[in-house]
$ cat protein.cif   # mmCIF, C-alpha atoms
data_my_file
loop_
_atom_site.group_PDB
_atom_site.id
_atom_site.type_symbol
_atom_site.label_atom_id
_atom_site.label_comp_id
_atom_site.auth_asym_id
_atom_site.auth_seq_id
_atom_site.Cartn_x
_atom_site.Cartn_y
_atom_site.Cartn_z
ATOM 1 C CA MET R 1 65.832 -135.401 -27.677
ATOM 2 C CA ASN R 2 66.045 -137.535 -24.544
ATOM 3 C CA HIS R 3 65.741 -136.288 -20.974
ATOM 4 C CA GLU R 4 69.522 -136.264 -20.431
ATOM 5 C CA GLN R 5 70.084 -134.021 -23.476
ATOM 6 C CA ALA R 6 67.293 -131.620 -22.453
ATOM 7 C CA GLY R 7 68.872 -131.169 -19.007
ATOM 8 C CA CYS R 8 72.201 -130.443 -20.610
ATOM 9 C CA CYS R 9 70.717 -127.751 -22.842
ATOM 10 C CA ARG R 10 68.812 -126.113 -20.015
ATOM 11 C CA SER R 11 71.974 -125.783 -17.957
ATOM 12 C CA ARG R 12 73.797 -124.209 -20.924
ATOM 13 C CA ARG R 13 70.906 -121.787 -21.457
ATOM 14 C CA ALA R 14 70.862 -120.909 -17.764
ATOM 15 C CA LEU R 15 74.596 -120.383 -17.784
ATOM 16 C CA LEU R 16 74.443 -118.119 -20.850
ATOM 17 C CA ALA R 17 71.496 -116.148 -19.494
ATOM 18 C CA GLY R 18 73.234 -115.674 -16.147
ATOM 19 C CA THR R 19 76.457 -114.604 -17.826
ATOM 20 C CA GLY R 20 74.596 -112.115 -20.016
ATOM 21 C CA ALA R 21 72.761 -110.608 -17.048
ATOM 22 C CA ALA R 22 75.987 -110.270 -15.086
ATOM 23 C CA GLY R 23 77.642 -108.546 -18.048
ATOM 24 C CA VAL R 24 74.769 -106.068 -18.368
ATOM 25 C CA ALA R 25 74.888 -105.356 -14.639
ATOM 26 C CA ALA R 26 78.618 -104.759 -14.808
ATOM 27 C CA LEU R 27 78.240 -102.391 -17.757
ATOM 28 C CA THR R 28 75.494 -100.359 -16.132
ATOM 29 C CA GLY R 29 77.640 -100.005 -13.037
ATOM 30 C CA CYS R 30 80.482 -98.507 -15.112
ATOM 31 C CA ALA R 31 78.668 -95.751 -16.962
ATOM 32 C CA THR R 32 75.257 -94.286 -17.472
ATOM 33 C CA TYR R 33 74.194 -93.722 -21.059
ATOM 34 C CA GLY R 34 74.026 -90.044 -21.950
ATOM 35 C CA GLN R 35 75.863 -88.921 -18.812
ATOM 36 C CA PRO R 36 79.286 -87.289 -19.128
ATOM 37 C CA ALA R 37 82.180 -89.388 -17.913
ATOM 38 C CA ALA R 38 83.772 -88.501 -14.623
ATOM 39 C CA ALA R 39 86.929 -86.441 -14.824
ATOM 40 C CA PRO R 40 90.088 -88.563 -14.939
ATOM 41 C CA PRO R 41 92.360 -88.557 -11.917
ATOM 42 C CA PRO R 42 95.223 -86.047 -11.965
ATOM 43 C CA ALA R 43 98.107 -87.164 -14.160
ATOM 44 C CA ALA R 44 101.210 -88.482 -12.509
ATOM 45 C CA ALA R 45 104.446 -86.613 -12.896
ATOM 46 C CA PRO R 46 106.224 -87.464 -16.145
ATOM 47 C CA GLY R 47 108.812 -90.184 -15.951
ATOM 48 C CA GLY R 48 110.423 -92.643 -18.294
ATOM 49 C CA SER R 49 113.801 -90.977 -18.196
ATOM 50 C CA THR R 50 117.084 -92.747 -18.468
ATOM 51 C CA ALA R 51 118.715 -89.696 -16.949
ATOM 52 C CA PRO R 52 120.492 -90.246 -13.664
ATOM 53 C CA GLY R 53 117.897 -90.718 -10.962
ATOM 54 C CA GLY R 54 115.186 -91.653 -13.512
ATOM 55 C CA SER R 55 112.542 -89.569 -11.755
ATOM 56 C CA ALA R 56 110.350 -86.581 -12.546
ATOM 57 C CA ASP R 57 112.844 -84.417 -10.646
ATOM 58 C CA PRO R 58 116.138 -85.442 -12.278
ATOM 59 C CA SER R 59 118.063 -82.949 -10.168
ATOM 60 C CA GLY R 60 117.297 -85.085 -7.150
ATOM 61 C CA SER R 61 116.576 -81.972 -5.109
ATOM 62 C CA GLY R 62 112.989 -82.964 -4.410
ATOM 63 C CA ALA R 63 111.989 -79.347 -4.991
ATOM 64 C CA PRO R 64 108.921 -78.790 -7.158
ATOM 65 C CA ASP R 65 109.424 -77.086 -10.503
ATOM 66 C CA ASP R 66 107.589 -73.771 -9.990
ATOM 67 C CA SER R 67 108.720 -72.220 -13.270
ATOM 68 C CA PRO R 68 106.062 -71.321 -15.823
ATOM 69 C CA GLY R 69 105.776 -73.560 -18.871
ATOM 70 C CA PRO R 70 106.350 -77.262 -19.286
ATOM 71 C CA PRO R 71 108.070 -79.204 -16.516
ATOM 72 C CA ALA R 72 111.827 -79.618 -16.725
ATOM 73 C CA LEU R 73 113.069 -82.777 -18.388
ATOM 74 C CA ALA R 74 116.456 -82.519 -16.721
ATOM 75 C CA THR R 75 119.126 -80.152 -15.496
ATOM 76 C CA LEU R 76 122.331 -79.361 -17.346
ATOM 77 C CA ALA R 77 124.214 -81.526 -14.840
ATOM 78 C CA ASP R 78 122.018 -84.531 -15.780
ATOM 79 C CA ILE R 79 123.247 -84.495 -19.395
ATOM 80 C CA PRO R 80 126.868 -85.651 -19.622
ATOM 81 C CA VAL R 81 129.221 -83.832 -21.989
ATOM 82 C CA GLY R 82 129.769 -86.093 -25.006
ATOM 83 C CA GLY R 83 126.631 -88.058 -24.138
ATOM 84 C CA GLY R 84 122.997 -87.562 -23.314
ATOM 85 C CA ALA R 85 119.836 -88.982 -21.832
ATOM 86 C CA ILE R 86 116.710 -90.549 -23.300
ATOM 87 C CA PHE R 87 113.303 -89.343 -22.086
ATOM 88 C CA ALA R 88 111.086 -92.044 -23.559
ATOM 89 C CA SER R 89 107.846 -90.703 -22.055
ATOM 90 C CA ALA R 90 108.505 -87.326 -23.709
ATOM 91 C CA GLY R 91 109.758 -88.956 -26.916
ATOM 92 C CA VAL R 92 113.066 -87.088 -26.941
ATOM 93 C CA VAL R 93 116.755 -87.664 -26.465
ATOM 94 C CA VAL R 94 118.741 -84.721 -25.106
ATOM 95 C CA THR R 95 122.468 -84.524 -25.791
ATOM 96 C CA GLN R 96 125.393 -82.280 -24.883
ATOM 97 C CA PRO R 97 128.020 -82.720 -27.623
ATOM 98 C CA THR R 98 130.268 -80.064 -26.083
ATOM 99 C CA GLU R 99 129.964 -78.329 -22.735
ATOM 100 C CA GLY R 100 126.940 -76.014 -22.674
ATOM 101 C CA ASP R 101 125.720 -77.048 -26.163
ATOM 102 C CA ILE R 102 122.359 -78.730 -25.622
ATOM 103 C CA LYS R 103 120.696 -80.564 -28.535
ATOM 104 C CA ALA R 104 117.500 -82.599 -28.683
ATOM 105 C CA PHE R 105 116.151 -85.106 -31.169
ATOM 106 C CA SER R 106 113.212 -87.444 -31.539
ATOM 107 C CA ALA R 107 113.838 -90.636 -29.572
ATOM 108 C CA THR R 108 112.116 -92.633 -32.322
ATOM 109 C CA CYS R 109 114.546 -94.376 -34.657
ATOM 110 C CA THR R 110 113.931 -93.502 -38.297
ATOM 111 C CA HIS R 111 114.526 -97.105 -39.384
ATOM 112 C CA GLN R 112 111.497 -98.904 -37.954
ATOM 113 C CA GLY R 113 110.198 -96.739 -35.140
ATOM 114 C CA CYS R 114 111.863 -98.292 -32.102
ATOM 115 C CA THR R 115 112.819 -95.991 -29.250
ATOM 116 C CA VAL R 116 116.569 -95.392 -29.186
ATOM 117 C CA THR R 117 118.235 -97.236 -26.354
ATOM 118 C CA SER R 118 121.490 -95.541 -25.392
ATOM 119 C CA VAL R 119 123.588 -92.391 -25.650
ATOM 120 C CA ASP R 120 127.297 -92.864 -25.128
ATOM 121 C CA GLY R 121 130.640 -92.085 -26.754
ATOM 122 C CA GLY R 122 129.259 -89.360 -28.996
ATOM 123 C CA VAL R 123 126.487 -91.480 -30.504
ATOM 124 C CA ILE R 124 122.826 -92.331 -30.014
ATOM 125 C CA THR R 125 122.180 -96.036 -30.585
ATOM 126 C CA CYS R 126 119.004 -97.932 -31.422
ATOM 127 C CA ALA R 127 119.483 -101.538 -30.331
ATOM 128 C CA CYS R 128 116.565 -102.850 -32.418
ATOM 129 C CA HIS R 129 118.697 -103.021 -35.571
ATOM 130 C CA ASN R 130 121.901 -101.233 -34.473
ATOM 131 C CA SER R 131 121.360 -97.884 -36.153
ATOM 132 C CA VAL R 132 123.766 -95.249 -34.833
ATOM 133 C CA PHE R 133 123.225 -91.463 -34.888
ATOM 134 C CA ASP R 134 125.521 -88.515 -34.143
ATOM 135 C CA ILE R 135 124.752 -86.632 -30.893
ATOM 136 C CA ALA R 136 125.560 -83.233 -32.447
ATOM 137 C CA ASP R 137 123.158 -83.260 -35.390
ATOM 138 C CA GLY R 138 121.211 -86.548 -35.342
ATOM 139 C CA SER R 139 122.790 -87.677 -38.627
ATOM 140 C CA VAL R 140 123.163 -91.368 -39.379
ATOM 141 C CA ARG R 141 126.617 -92.705 -38.558
ATOM 142 C CA SER R 142 125.695 -96.267 -39.509
ATOM 143 C CA GLY R 143 122.486 -97.932 -40.665
ATOM 144 C CA PRO R 144 120.197 -99.582 -41.460
ATOM 145 C CA ALA R 145 118.525 -96.211 -40.741
ATOM 146 C CA ARG R 146 118.931 -93.839 -43.691
ATOM 147 C CA ALA R 147 117.279 -90.684 -42.325
ATOM 148 C CA PRO R 148 118.620 -88.614 -39.420
ATOM 149 C CA LEU R 149 116.760 -88.264 -36.138
ATOM 150 C CA PRO R 150 114.527 -85.183 -36.431
ATOM 151 C CA ALA R 151 115.490 -82.268 -34.198
ATOM 152 C CA ALA R 152 113.252 -81.569 -31.197
ATOM 153 C CA ASN R 153 112.785 -78.150 -29.615
ATOM 154 C CA VAL R 154 114.045 -77.667 -26.090
ATOM 155 C CA THR R 155 114.936 -74.575 -24.132
ATOM 156 C CA VAL R 156 117.452 -74.071 -21.371
ATOM 157 C CA ASP R 157 116.041 -71.941 -18.547
ATOM 158 C CA GLY R 158 118.791 -71.417 -15.996
ATOM 159 C CA ASP R 159 119.973 -74.980 -15.629
ATOM 160 C CA ALA R 160 116.557 -76.542 -16.417
ATOM 161 C CA ILE R 161 116.058 -78.192 -19.817
ATOM 162 C CA ARG R 162 112.435 -78.070 -21.016
ATOM 163 C CA LEU R 163 110.497 -79.068 -24.099
ATOM 164 C CA ALA R 164 109.751 -75.914 -26.071
#
$ encode --input "protein.cif" --output "structure tokens"
Amino acid sequence: MNHEQAGCCRSRRALLAGTGAAGVAALTGCATYGQPAAAPPPAAAPGGSTAPGGSADPSGSGAPDDSPGPPALATLADIPVGGGAIFASAGVVVTQPTEGDIKAFSATCTHQGCTVTSVDGGVITCACHNSVFDIADGSVRSGPARAPLPAANVTVDGDAIRLA
């Protein structure tokens, strides 16, 4: 090995050694072996709704939900009659086939697991492969999906709709 090659190898070794030491320093700064992890920060309010307003307070009132139990997904006024709203973060689609009749289904299409994309005109549609489901019972109106959307449990508390 000539002098030029030896210098090249030393610089590679130095680079690798320095990179390894920096990685170890970074890892020791993140956690201490055998010590419990710090508590995670408080969770943000749930979102991911395609309901009007698209916020954790779909009513738009800005008032906190002080009711016991899970937070409200929406209010009755947020779910149009003959339509519905998709709450992707909760994994549900809530529909109102006729006035005051609230239904909920999994938002996961039974064809290949995409999240359904729209609720309009009495149907729930998955745009991945154009499967269409009925808003009243989740049954398949047209495929390629062959299985209906599974029902989800929600409750109506006053005008608040909550996961059960």
$ closest_residue --input "protein.cif" --among "R:Val92, R:Pro70, R:Gly83, R:Thr75" --to "Gly158 (chain R)" --atoms "only C-alpha atoms"
R:Thr75
$ atom_distance --input "protein.cif" --atom1 "CA of Ala145 (chain R)" --atom2 "CA of Ile102 (chain R)"
23.4 Å
$ resolve_selection --input "protein.cif" --expression "the PyMOL selection byres ((chain R and resi 103) around 9)" --output "list in words"
Val93, Val94, Thr95, Gln96, Pro97, Asp101, Ile102, Ala104, Phe105, Ile135, Ala136, Asp137, Ala151, Ala152, Asn153 and Val154 of chain R
$ resolve_selection --input "protein.cif" --expression "the PyMOL selection byres ((chain R and resi 119) around 6)" --output "VMD selection string"
chain R and resid 83 to 84 118 120 123 to 124
$ closest_residue --input "protein.cif" --among "R:Leu73, R:Ala90, R:Ala85, R:Val132" --to "Cys109 (chain R)" --atoms "only C-alpha atoms"
R:Val132
$ residues_near_point --input "protein.cif" --point "(115.2, -92.9, -27.5)" --cutoff "8 Å" --atoms "all atoms listed in the file" --output "PDB file with C-alpha atoms, in the coordinates of the input"
ATOM      1  CA  ILE R  86     116.710 -90.549 -23.300  1.00  0.00           C
ATOM      2  CA  PHE R  87     113.303 -89.343 -22.086  1.00  0.00           C
ATOM      3  CA  ALA R  88     111.086 -92.044 -23.559  1.00  0.00           C
ATOM      4  CA  GLY R  91     109.758 -88.956 -26.916  1.00  0.00           C
ATOM      5  CA  VAL R  92     113.066 -87.088 -26.941  1.00  0.00           C
ATOM      6  CA  VAL R  93     116.755 -87.664 -26.465  1.00  0.00           C
ATOM      7  CA  SER R 106     113.212 -87.444 -31.539  1.00  0.00           C
ATOM      8  CA  ALA R 107     113.838 -90.636 -29.572  1.00  0.00           C
ATOM      9  CA  THR R 108     112.116 -92.633 -32.322  1.00  0.00           C
ATOM     10  CA  CYS R 109     114.546 -94.376 -34.657  1.00  0.00           C
ATOM     11  CA  CYS R 114     111.863 -98.292 -32.102  1.00  0.00           C
ATOM     12  CA  THR R 115     112.819 -95.991 -29.250  1.00  0.00           C
ATOM     13  CA  VAL R 116     116.569 -95.392 -29.186  1.00  0.00           C
ATOM     14  CA  THR R 117     118.235 -97.236 -26.354  1.00  0.00           C
ATOM     15  CA  SER R 118     121.490 -95.541 -25.392  1.00  0.00           C
ATOM     16  CA  CYS R 126     119.004 -97.932 -31.422  1.00  0.00           C
TER      17      CYS R 126
END
$ closest_residue --input "protein.cif" --among "R:Thr155, R:Arg162, R:Thr110, R:Ile79" --to "Gly138 (chain R)" --atoms "all atoms listed in the file"
R:Thr110
$ atom_distance --input "protein.cif" --atom1 "CA of Val156 (chain R)" --atom2 "CA of Gly100 (chain R)"
9.8 Å
$ atom_distance --input "protein.cif" --atom1 "CA of Asp159 (chain R)" --atom2 "CA of Val81 (chain R)"
14.3 Å
$ closest_residue --input "protein.cif" --among "R:Ile161, R:Thr125, R:Glu99, R:Leu76" --to "Pro144 (chain R)" --atoms "all atoms listed in the file"
R:Thr125
